[in-house]
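*Asks:* Contents of coords32.txt (compact mmCIF, C-alpha atoms and all ligand atoms):
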```txt
# COMPACT_ATOMS: atom_id res chain seq x y z
CA MET A 1 99.14 148.82 92.52
CA GLN A 2 101.07 149.54 89.34
CA ILE A 3 99.49 149.38 85.90
CA LEU A 4 101.56 147.48 83.34
CA ASP A 5 101.11 149.96 80.52
CA GLY A 6 101.38 148.04 77.26
CA SER A 7 100.74 151.15 75.17
CA PHE A 8 103.69 152.92 76.78
CA VAL A 9 106.07 149.94 76.67
CA SER A 10 105.16 149.06 73.10
CA ALA A 11 105.74 152.66 71.97
CA HIS A 12 109.21 152.46 73.54
CA ILE A 13 110.04 149.09 71.92
CA LYS A 14 108.63 150.21 68.57
CA GLU A 15 110.97 153.22 68.64
CA GLN A 16 113.89 150.80 69.09
CA ILE A 17 112.66 148.60 66.22
CA LYS A 18 112.24 151.68 64.01
CA GLN A 19 115.83 152.68 64.73
CA ASP A 20 117.00 149.10 64.08
CA VAL A 21 115.29 149.23 60.66
CA ILE A 22 116.98 152.57 59.86
CA ASN A 23 120.38 151.09 60.81
CA TRP A 24 119.63 147.90 58.90
CA GLN A 25 118.78 149.85 55.74
CA ALA A 26 121.80 152.14 56.17
CA ALA A 27 123.93 148.97 56.17
CA GLY A 28 122.37 147.89 52.86
CA GLY A 29 119.47 145.77 54.17
CA LYS A 30 116.07 145.95 52.52
CA LYS A 31 112.85 146.98 54.26
CA PRO A 32 111.38 144.07 56.23
CA HIS A 33 108.21 142.95 54.44
CA LEU A 34 105.25 141.40 56.26
CA ALA A 35 102.47 139.72 54.27
CA ALA A 36 99.16 139.21 56.09
CA ILE A 37 96.29 137.02 54.93
CA LEU A 38 92.77 137.84 56.08
CA VAL A 39 89.82 135.62 55.15
CA GLY A 40 86.34 137.13 55.54
CA ASN A 41 85.48 140.23 57.53
CA ASN A 42 85.29 139.23 61.18
CA PRO A 43 85.38 142.66 62.91
CA ALA A 44 87.93 141.62 65.55
CA SER A 45 90.25 140.11 62.93
CA GLU A 46 89.84 143.24 60.78
CA ALA A 47 90.90 145.37 63.74
CA TYR A 48 93.91 143.18 64.62
CA VAL A 49 95.16 143.05 61.03
CA GLY A 50 94.57 146.79 60.67
CA HIS A 51 96.81 147.44 63.70
CA LYS A 52 99.52 145.17 62.27
CA VAL A 53 99.50 146.88 58.87
CA LYS A 54 99.54 150.33 60.51
CA SER A 55 102.47 149.34 62.70
CA CYS A 56 104.40 148.21 59.63
CA ALA A 57 104.01 151.69 58.12
CA GLU A 58 105.04 153.37 61.41
CA LEU A 59 108.20 151.28 61.75
CA GLY A 60 109.38 151.52 58.15
CA PHE A 61 108.33 147.99 57.18
CA GLU A 62 106.62 147.12 53.95
CA SER A 63 103.32 145.27 54.25
CA THR A 64 100.98 143.43 51.93
CA LEU A 65 97.44 142.57 52.97
CA LEU A 66 95.82 139.77 50.98
CA ARG A 67 92.07 139.54 51.54
CA PHE A 68 89.89 136.64 50.51
CA ASN A 69 86.19 135.89 50.72
CA THR A 70 85.03 133.14 53.05
CA ASP A 71 84.26 130.92 50.06
CA ILE A 72 87.97 130.41 49.32
CA THR A 73 88.84 126.71 49.59
CA GLU A 74 91.56 125.29 51.81
CA ALA A 75 93.56 124.24 48.73
CA GLN A 76 93.32 127.74 47.23
CA LEU A 77 94.42 129.34 50.49
CA ILE A 78 97.37 126.97 50.78
CA ASP A 79 98.33 127.91 47.21
CA GLU A 80 98.30 131.59 48.23
CA VAL A 81 100.58 130.80 51.19
CA LYS A 82 102.94 128.89 48.88
CA LYS A 83 103.12 131.88 46.53
CA LEU A 84 104.19 134.04 49.47
CA ASN A 85 106.74 131.39 50.50
CA GLU A 86 108.27 131.64 47.03
CA ASN A 87 108.10 135.44 46.83
CA ASP A 88 111.65 136.47 47.61
CA ASP A 89 110.57 139.97 48.59
CA VAL A 90 108.38 138.71 51.47
CA ASP A 91 110.14 138.13 54.80
CA GLY A 92 107.25 137.23 57.10
CA ILE A 93 103.83 135.65 56.59
CA LEU A 94 100.87 135.66 58.95
CA VAL A 95 97.48 134.10 58.46
CA GLN A 96 94.98 135.80 60.72
CA LEU A 97 93.00 133.29 62.81
CA PRO A 98 90.29 132.11 63.15
CA LEU A 99 89.68 130.81 59.64
CA PRO A 100 86.23 129.76 58.37
CA GLU A 101 85.17 126.31 59.58
CA HIS A 102 85.72 124.56 56.25
CA ILE A 103 89.44 125.46 56.34
CA SER A 104 91.86 123.70 58.64
CA GLY A 105 94.02 126.30 60.38
CA ASP A 106 96.58 123.57 61.11
CA ALA A 107 96.87 122.67 57.40
CA VAL A 108 97.30 126.31 56.36
CA ILE A 109 99.88 127.04 59.05
CA LEU A 110 101.79 123.90 58.09
CA ALA A 111 102.10 125.31 54.55
CA ILE A 112 103.98 128.43 55.77
CA ASP A 113 107.74 128.30 55.22
CA PRO A 114 109.08 128.08 58.81
CA ALA A 115 111.72 130.69 57.85
CA LYS A 116 108.82 133.15 57.31
CA ASP A 117 106.62 131.99 60.23
CA VAL A 118 106.67 135.29 62.13
CA ASP A 119 103.58 134.31 64.17
CA GLY A 120 105.54 131.35 65.53
CA PHE A 121 102.58 129.00 64.99
CA HIS A 122 104.23 126.42 62.69
CA PRO A 123 104.95 123.06 64.38
CA ILE A 124 108.67 123.56 63.67
CA SER A 125 108.67 126.93 65.45
CA GLN A 126 106.65 125.53 68.36
CA GLY A 127 108.92 122.46 68.58
CA LYS A 128 112.07 124.58 68.60
CA MET A 129 110.56 126.83 71.28
CA MET A 130 109.80 123.76 73.42
CA LEU A 131 113.40 122.62 73.06
CA GLY A 132 114.74 126.08 73.92
CA GLN A 133 116.25 126.53 70.44
CA PRO A 134 116.31 129.94 68.72
CA THR A 135 113.09 130.46 66.74
CA PHE A 136 110.15 132.80 66.20
CA LEU A 137 108.16 132.93 69.44
CA PRO A 138 104.35 133.26 69.24
CA ALA A 139 103.67 136.98 69.27
CA THR A 140 101.44 137.27 72.36
CA PRO A 141 103.55 135.17 74.77
CA TYR A 142 106.65 136.90 73.35
CA GLY A 143 105.05 140.30 73.99
CA ILE A 144 104.20 139.31 77.58
CA MET A 145 107.82 138.25 78.18
CA LEU A 146 108.98 141.62 76.77
CA MET A 147 106.63 143.37 79.18
CA LEU A 148 107.86 141.40 82.21
CA GLU A 149 111.41 142.20 81.14
CA HIS A 150 110.66 145.91 80.67
CA TYR A 151 109.22 146.26 84.19
CA GLY A 152 111.99 144.09 85.69
CA LEU A 153 109.41 141.75 87.19
CA ASP A 154 111.29 138.80 88.59
CA VAL A 155 109.49 135.55 87.86
CA ALA A 156 112.31 133.15 88.88
CA GLY A 157 111.05 130.73 91.50
CA LYS A 158 107.59 132.31 91.49
CA HIS A 159 104.40 130.33 91.06
CA CYS A 160 102.75 131.32 87.76
CA VAL A 161 99.26 130.06 87.06
CA VAL A 162 98.24 130.20 83.40
CA ILE A 163 94.49 129.97 82.72
CA GLY A 164 93.77 128.61 79.24
CA ARG A 165 95.67 126.06 77.13
CA SER A 166 95.46 127.42 73.58
CA ASN A 167 98.28 126.65 71.18
CA ILE A 168 98.91 130.33 70.57
CA VAL A 169 98.87 131.74 74.12
CA GLY A 170 98.36 129.49 77.17
CA THR A 171 100.51 126.51 76.26
CA PRO A 172 103.52 128.47 74.89
CA MET A 173 103.28 130.84 77.87
CA THR A 174 103.94 127.91 80.23
CA ILE A 175 107.06 126.98 78.27
CA LEU A 176 108.49 130.51 78.14
CA LEU A 177 107.85 131.18 81.83
CA SER A 178 109.42 127.90 82.95
CA ARG A 179 112.55 127.76 80.79
CA ASN A 180 115.98 128.64 82.11
CA THR A 181 116.13 132.23 80.87
CA ASN A 182 115.56 135.71 82.21
CA PRO A 183 112.61 136.27 82.56
CA GLY A 184 111.90 132.61 83.25
CA ASN A 185 112.62 129.89 85.82
CA ALA A 186 109.10 130.13 87.17
CA THR A 187 107.14 127.21 88.57
CA VAL A 188 104.15 126.98 86.27
CA THR A 189 100.68 125.48 86.61
CA LEU A 190 98.55 125.24 83.47
CA THR A 191 94.83 125.34 84.20
CA HIS A 192 91.87 125.13 81.82
CA SER A 193 88.11 124.68 81.55
CA ARG A 194 88.23 121.20 83.16
CA THR A 195 90.43 122.21 86.12
CA LYS A 196 88.82 121.41 89.46
CA ASN A 197 88.98 123.94 92.31
CA LEU A 198 90.44 126.59 90.02
CA ALA A 199 90.13 129.41 92.56
CA GLU A 200 92.12 127.37 95.11
CA ILE A 201 94.94 127.10 92.58
CA THR A 202 94.86 130.71 91.36
CA ARG A 203 94.92 131.94 94.98
CA GLN A 204 98.37 130.34 95.28
CA ALA A 205 99.66 132.25 92.26
CA ASP A 206 102.30 134.97 92.46
CA ILE A 207 101.57 135.64 88.79
CA ILE A 208 98.33 134.90 86.92
CA VAL A 209 98.13 134.87 83.13
CA ALA A 210 94.46 134.85 82.13
CA ALA A 211 93.93 133.59 78.57
CA ILE A 212 90.62 131.73 78.70
CA GLY A 213 88.56 134.02 76.46
CA LYS A 214 85.73 134.58 78.95
CA PRO A 215 84.83 138.14 79.96
CA LYS A 216 85.68 139.06 83.60
CA PHE A 217 86.32 135.38 84.40
CA VAL A 218 88.98 136.06 87.05
CA THR A 219 87.36 137.63 90.09
CA ALA A 220 88.85 139.16 93.25
CA ASP A 221 88.29 136.01 95.34
CA MET A 222 90.58 134.09 92.94
CA VAL A 223 93.58 136.38 93.46
CA LYS A 224 95.92 136.67 96.44
CA ASP A 225 97.05 140.05 97.72
CA GLY A 226 100.11 141.35 95.88
CA ALA A 227 99.77 139.10 92.82
CA VAL A 228 100.83 140.16 89.32
CA VAL A 229 97.92 139.76 86.89
CA ILE A 230 98.39 139.59 83.12
CA ASP A 231 95.10 139.78 81.21
CA VAL A 232 95.24 138.40 77.66
CA GLY A 233 91.48 138.53 77.06
CA ILE A 234 89.87 140.84 74.53
CA ASN A 235 86.11 140.34 74.81
CA ARG A 236 83.42 142.65 73.47
CA ILE A 237 80.42 143.00 75.80
CA ALA A 238 77.20 145.00 75.51
CA ASP A 239 77.30 148.42 77.18
CA ALA A 240 74.30 150.70 76.66
CA THR A 241 76.26 153.70 78.03
CA LYS A 242 78.61 153.60 75.01
CA LYS A 243 77.75 155.13 71.65
CA SER A 244 78.77 151.89 69.93
CA GLY A 245 76.59 149.89 72.35
CA SER A 246 79.55 147.77 73.44
CA ARG A 247 82.99 147.89 75.05
CA LEU A 248 86.09 145.73 75.38
CA VAL A 249 86.82 143.87 78.61
CA GLY A 250 89.49 141.35 79.49
CA ASP A 251 89.32 137.92 81.10
CA VAL A 252 89.83 139.65 84.46
CA ASP A 253 87.25 141.62 86.45
CA TYR A 254 89.57 144.63 86.50
CA GLU A 255 87.63 146.78 88.99
CA GLY A 256 87.46 143.98 91.56
CA VAL A 257 90.93 142.51 91.03
CA ALA A 258 93.14 145.58 90.50
CA PRO A 259 93.05 146.82 94.13
CA LYS A 260 94.50 143.47 95.29
CA CYS A 261 97.36 143.34 92.78
CA SER A 262 100.93 144.56 92.88
CA HIS A 263 100.79 144.89 89.06
CA ILE A 264 98.03 144.44 86.47
CA THR A 265 97.58 144.90 82.72
CA PRO A 266 94.55 146.91 81.59
CA VAL A 267 92.29 146.00 78.64
CA PRO A 268 92.65 147.66 76.22
CA GLY A 269 96.23 148.99 76.41
CA GLY A 270 97.90 146.02 78.11
CA VAL A 271 98.88 142.82 76.32
CA GLY A 272 97.35 143.80 72.93
CA PRO A 273 99.99 146.39 71.94
CA MET A 274 102.75 144.04 73.18
CA THR A 275 101.60 141.35 70.73
CA ILE A 276 102.34 143.75 67.87
CA CYS A 277 105.86 144.29 69.27
CA GLY A 278 106.44 140.53 69.26
CA LEU A 279 105.29 140.26 65.65
CA MET A 280 107.39 143.20 64.47
CA LYS A 281 110.52 141.91 66.23
CA ASN A 282 109.98 138.51 64.60
CA THR A 283 109.55 140.10 61.16
CA LEU A 284 112.76 142.11 61.46
CA LEU A 285 114.55 138.93 62.60
CA ALA A 286 113.13 137.03 59.60
CA ALA A 287 114.43 139.74 57.23
CA ARG A 288 117.90 139.63 58.81
CA GLN A 289 118.04 135.84 58.74
CA LYS A 290 116.91 135.71 55.08
CA ALA A 291 119.61 138.22 54.13
CA SER A 292 122.29 136.25 55.95
CA VAL A 293 121.22 132.98 54.26
CA ALA A 294 121.28 134.74 50.86
CA ALA A 295 124.81 136.04 51.55
CA GLU A 296 126.16 132.53 52.34
N1 LIG B 301 94.15 135.50 66.18
C1 LIG B 301 94.20 135.87 67.48
N2 LIG B 301 95.47 136.20 67.83
C2 LIG B 301 96.22 136.02 66.72
C3 LIG B 301 97.61 136.20 66.44
O1 LIG B 301 98.43 136.57 67.29
N3 LIG B 301 98.00 135.92 65.18
C4 LIG B 301 97.13 135.49 64.23
N4 LIG B 301 97.61 135.21 63.02
N5 LIG B 301 95.84 135.31 64.45
C5 LIG B 301 95.40 135.58 65.70
```
Any chance you could give the structure as structure tokens?

*Replies:*
Amino acid sequence: MQILDGSFVSAHIKEQIKQDVINWQAAGGKKPHLAAILVGNNPASEAYVGHKVKSCAELGFESTLLRFNTDITEAQLIDEVKKLNENDDVDGILVQLPLPEHISGDAVILAIDPAKDVDGFHPISQGKMMLGQPTFLPATPYGIMLMLEHYGLDVAGKHCVVIGRSNIVGTPMTILLSRNTNPGNATVTLTHSRTKNLAEITRQADIIVAAIGKPKFVTADMVKDGAVVIDVGINRIADATKKSGSRLVGDVDYEGVAPKCSHITPVPGGVGPMTICGLMKNTLLAARQKASVAAE
């Protein structure tokens, strides 16, 4: 069994991005600038945004973090997004999800200029992805594709079973895995909370992508020998043996499943760091594209 080490792979890719930024600036380009919006103080969102801002500093990007209280209205938040759209110094915009219940995430994402949509969540980005046109790919599925590519894992003709149909992970994952690219050309089954006989389906999988958001949901009996298992889950569970009283686990019961796998991602240190790579690559691309439009 080989561990797919997201921390290692992301460090390697981040070094490449850092060098790309140095070369880009040496050729007269300006620092890529990512603006992040965080509403409220959800601890998980705080941690994710913190990692993104830190990565910007490491890679030579500029970053701006805009924080708002949960009493901000949808209209006010959309105005803030529009200001970032119009700010010529900003290359990429991300709005950390989830948003408070009184704000429609769809409406806020729709307000982002698609040229700055480095999370790849805007309907235009998602539509282009579906059609196989160049665009910003959603950061987590993009990061998983980068990981498969790094390890040379051949998915062509393989049966991939994706568990979970979210707009930001499960659904785009099915598109990226099935399209005619490398990695790609997989046969994909999308499963979800209403799927009947799930274990029967996952046992047929050469590759499982677990993105259902339920701790240790995928158990050993659901996995065939030699499968590749990609765990997208980041769930905090109580653990009295830890000083903090809790620990992070994925959507996969790692201890039970790992011995059966050919390859598996750990949590933490698997998909999480790869998501940051996807975001940073998108932000550098946004900066390059903006510069080339300005030069026309
Ligand atoms: N919430 C959970 N994952 C993500 C992500 O990749 N981007 C944003 N903006 N919010 C998230």

*Asks:* Please list as a ChimeraX atom specification every residue within 10 Å of Arg203 of chain A, counting only C-alpha atoms and excluding residues in the same chain fewer than 3 positions away.

*Replies:* /A:161,198-200,206-208,220-225,227

*Asks:* Write the residues of the selection above to a file with C-alpha atoms, as a compact mmCIF listing (two decimals), in the coordinates of the input.

*Replies:*
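Just written: part_29.txt:
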```txt
# COMPACT_ATOMS: atom_id res chain seq x y z
CA VAL A 161 99.26 130.06 87.06
CA LEU A 198 90.44 126.59 90.02
CA ALA A 199 90.13 129.41 92.56
CA GLU A 200 92.12 127.37 95.11
CA ASP A 206 102.30 134.97 92.46
CA ILE A 207 101.57 135.64 88.79
CA ILE A 208 98.33 134.90 86.92
CA ALA A 220 88.85 139.16 93.25
CA ASP A 221 88.29 136.01 95.34
CA MET A 222 90.58 134.09 92.94
CA VAL A 223 93.58 136.38 93.46
CA LYS A 224 95.92 136.67 96.44
CA ASP A 225 97.05 140.05 97.72
CA ALA A 227 99.77 139.10 92.82
```

*Asks:* For Asn282 of chain A, which residue among A:Ala11, A:Leu66, A:Leu137, A:Ile168 is the nearest when counting only C-alpha atoms?

*Replies:* A:Leu137

*Asks:* What box, with edges along x, y and z, holds each listed atom of segment 153-170 of chain A when 8 Å is added on every side, and can you state its centre and edge lengths in Å to one decimal, as JSON?

*Replies:*
```
{"center_x": 103.0, "center_y": 133.9, "center_z": 81.0, "size_x": 34.5, "size_y": 31.7, "size_z": 36.9}
```

*Asks:* If you count all atoms listed in the file, which residues fall within 8 Å of Phe136 of chain A, apart from same-chain ones fewer than 4 positions away, as a count of residues only?

*Replies:* 7

*Asks:* Considering all atoms listed in the file, state which residue in the set A:Arg179, A:Arg288, A:His150, A:Lys128 is at the smallest distance from Asp5 of chain A.

*Replies:*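 Going through A:Arg179, A:Arg288, A:His150, A:Lys128 one by one, the smallest distance to Asp5 of chain A is for A:His150.
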
*Asks:* As a quick test: using only C-alpha atoms and all ligand atoms, which residues lie no more than 8 Å away from ligand LIG 301 (chain B)? Give them as a list in words.

*Replies:* Ser45, Tyr48, Leu94, Val95, Gln96, Leu97, Pro98, Asp119, Pro138, Ala139, Thr140, Ile168, Thr275 and Leu279 of chain A

*Asks:* Could you check how far atom CA of Pro259 of chain A sits from atom CA of Gly226 of chain A, in Å to one decimal?

*Replies:*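 Here the two named atoms are 9.1 Å from each other.
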
*Asks:* Tell me which of A:Gly143, A:Gly184, A:Gly29, A:Pro43 sits closest to Met280 of chain A, counting all atoms listed in the file.

*Replies:*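 Once distances to Met280 of chain A are computed over all atoms listed in the file, the minimum belongs to A:Gly143.
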
*Asks:* With a distance cut-off of 12 Å and all atoms listed in the file, select the neighbouring residues of Ile17 of chain A, excluding the residue or stretch itself and same-chain residues fewer than 6 positions from it, and output the selection as a list in words.

*Replies:*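 My list of contacting residues is Ser10, Ala11, Asn23, Trp24, Pro32, Ser55, Cys56, Glu58, Leu59, Gly60, Phe61, Ile276, Cys277, Gly278, Leu279, Met280, Lys281, Asn282, Thr283, Leu284 and Leu285 of chain A.
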
*Asks:* I need the residue nearest Lys158 of chain A from this list: A:Asn87, A:Thr70, A:Ser178, A:Thr171. Use all atoms listed in the file for the distance.

*Replies:* A:Ser178

*Asks:* Rounded to one decimal in Å, what is the spacing between atom CA of Gly170 of chain A and atom CA of Ile78 of chain A?

*Replies:* 26.5 Å

*Asks:* Using the incomplete input, complete segment 120-131 of chain A to the level of N, CA, C and O atoms; output as a short mmCIF file (atom, residue, chain, number, x, y, z; two decimals), keeping the file's coordinate frame.

*Replies:*
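Saved result, part-v1.cif, follows:
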```cif
data_model
loop_
_atom_site.label_atom_id
_atom_site.label_comp_id
_atom_site.auth_asym_id
_atom_site.auth_seq_id
_atom_site.Cartn_x
_atom_site.Cartn_y
_atom_site.Cartn_z
N GLY A 120 105.02 132.43 64.69
CA GLY A 120 105.54 131.35 65.53
C GLY A 120 104.53 130.24 65.77
O GLY A 120 104.58 129.57 66.79
N PHE A 121 103.62 130.01 64.81
CA PHE A 121 102.58 129.00 64.99
C PHE A 121 102.91 127.67 64.32
O PHE A 121 102.24 126.68 64.56
N HIS A 122 103.90 127.66 63.42
CA HIS A 122 104.23 126.42 62.69
C HIS A 122 104.77 125.38 63.68
O HIS A 122 105.48 125.73 64.63
N PRO A 123 104.45 124.09 63.45
CA PRO A 123 104.95 123.06 64.38
C PRO A 123 106.48 123.10 64.56
O PRO A 123 106.97 122.80 65.66
N ILE A 124 107.20 123.48 63.52
CA ILE A 124 108.67 123.56 63.67
C ILE A 124 109.04 124.69 64.64
O ILE A 124 109.89 124.51 65.52
N SER A 125 108.38 125.83 64.52
CA SER A 125 108.67 126.93 65.45
C SER A 125 108.29 126.53 66.87
O SER A 125 109.05 126.77 67.83
N GLN A 126 107.12 125.91 67.01
CA GLN A 126 106.65 125.53 68.36
C GLN A 126 107.57 124.47 68.95
O GLN A 126 107.88 124.49 70.14
N GLY A 127 108.02 123.52 68.11
CA GLY A 127 108.92 122.46 68.58
C GLY A 127 110.26 123.04 69.04
O GLY A 127 110.78 122.68 70.09
N LYS A 128 110.79 123.96 68.23
CA LYS A 128 112.07 124.58 68.60
C LYS A 128 111.92 125.36 69.92
O LYS A 128 112.79 125.32 70.78
N MET A 129 110.78 126.07 70.03
CA MET A 129 110.56 126.83 71.28
C MET A 129 110.57 125.87 72.48
O MET A 129 111.19 126.14 73.50
N MET A 130 109.87 124.74 72.32
CA MET A 130 109.80 123.76 73.42
C MET A 130 111.18 123.26 73.82
O MET A 130 111.45 123.01 74.99
N LEU A 131 112.05 123.14 72.81
CA LEU A 131 113.40 122.62 73.06
C LEU A 131 114.37 123.73 73.47
O LEU A 131 115.56 123.47 73.67
#
```
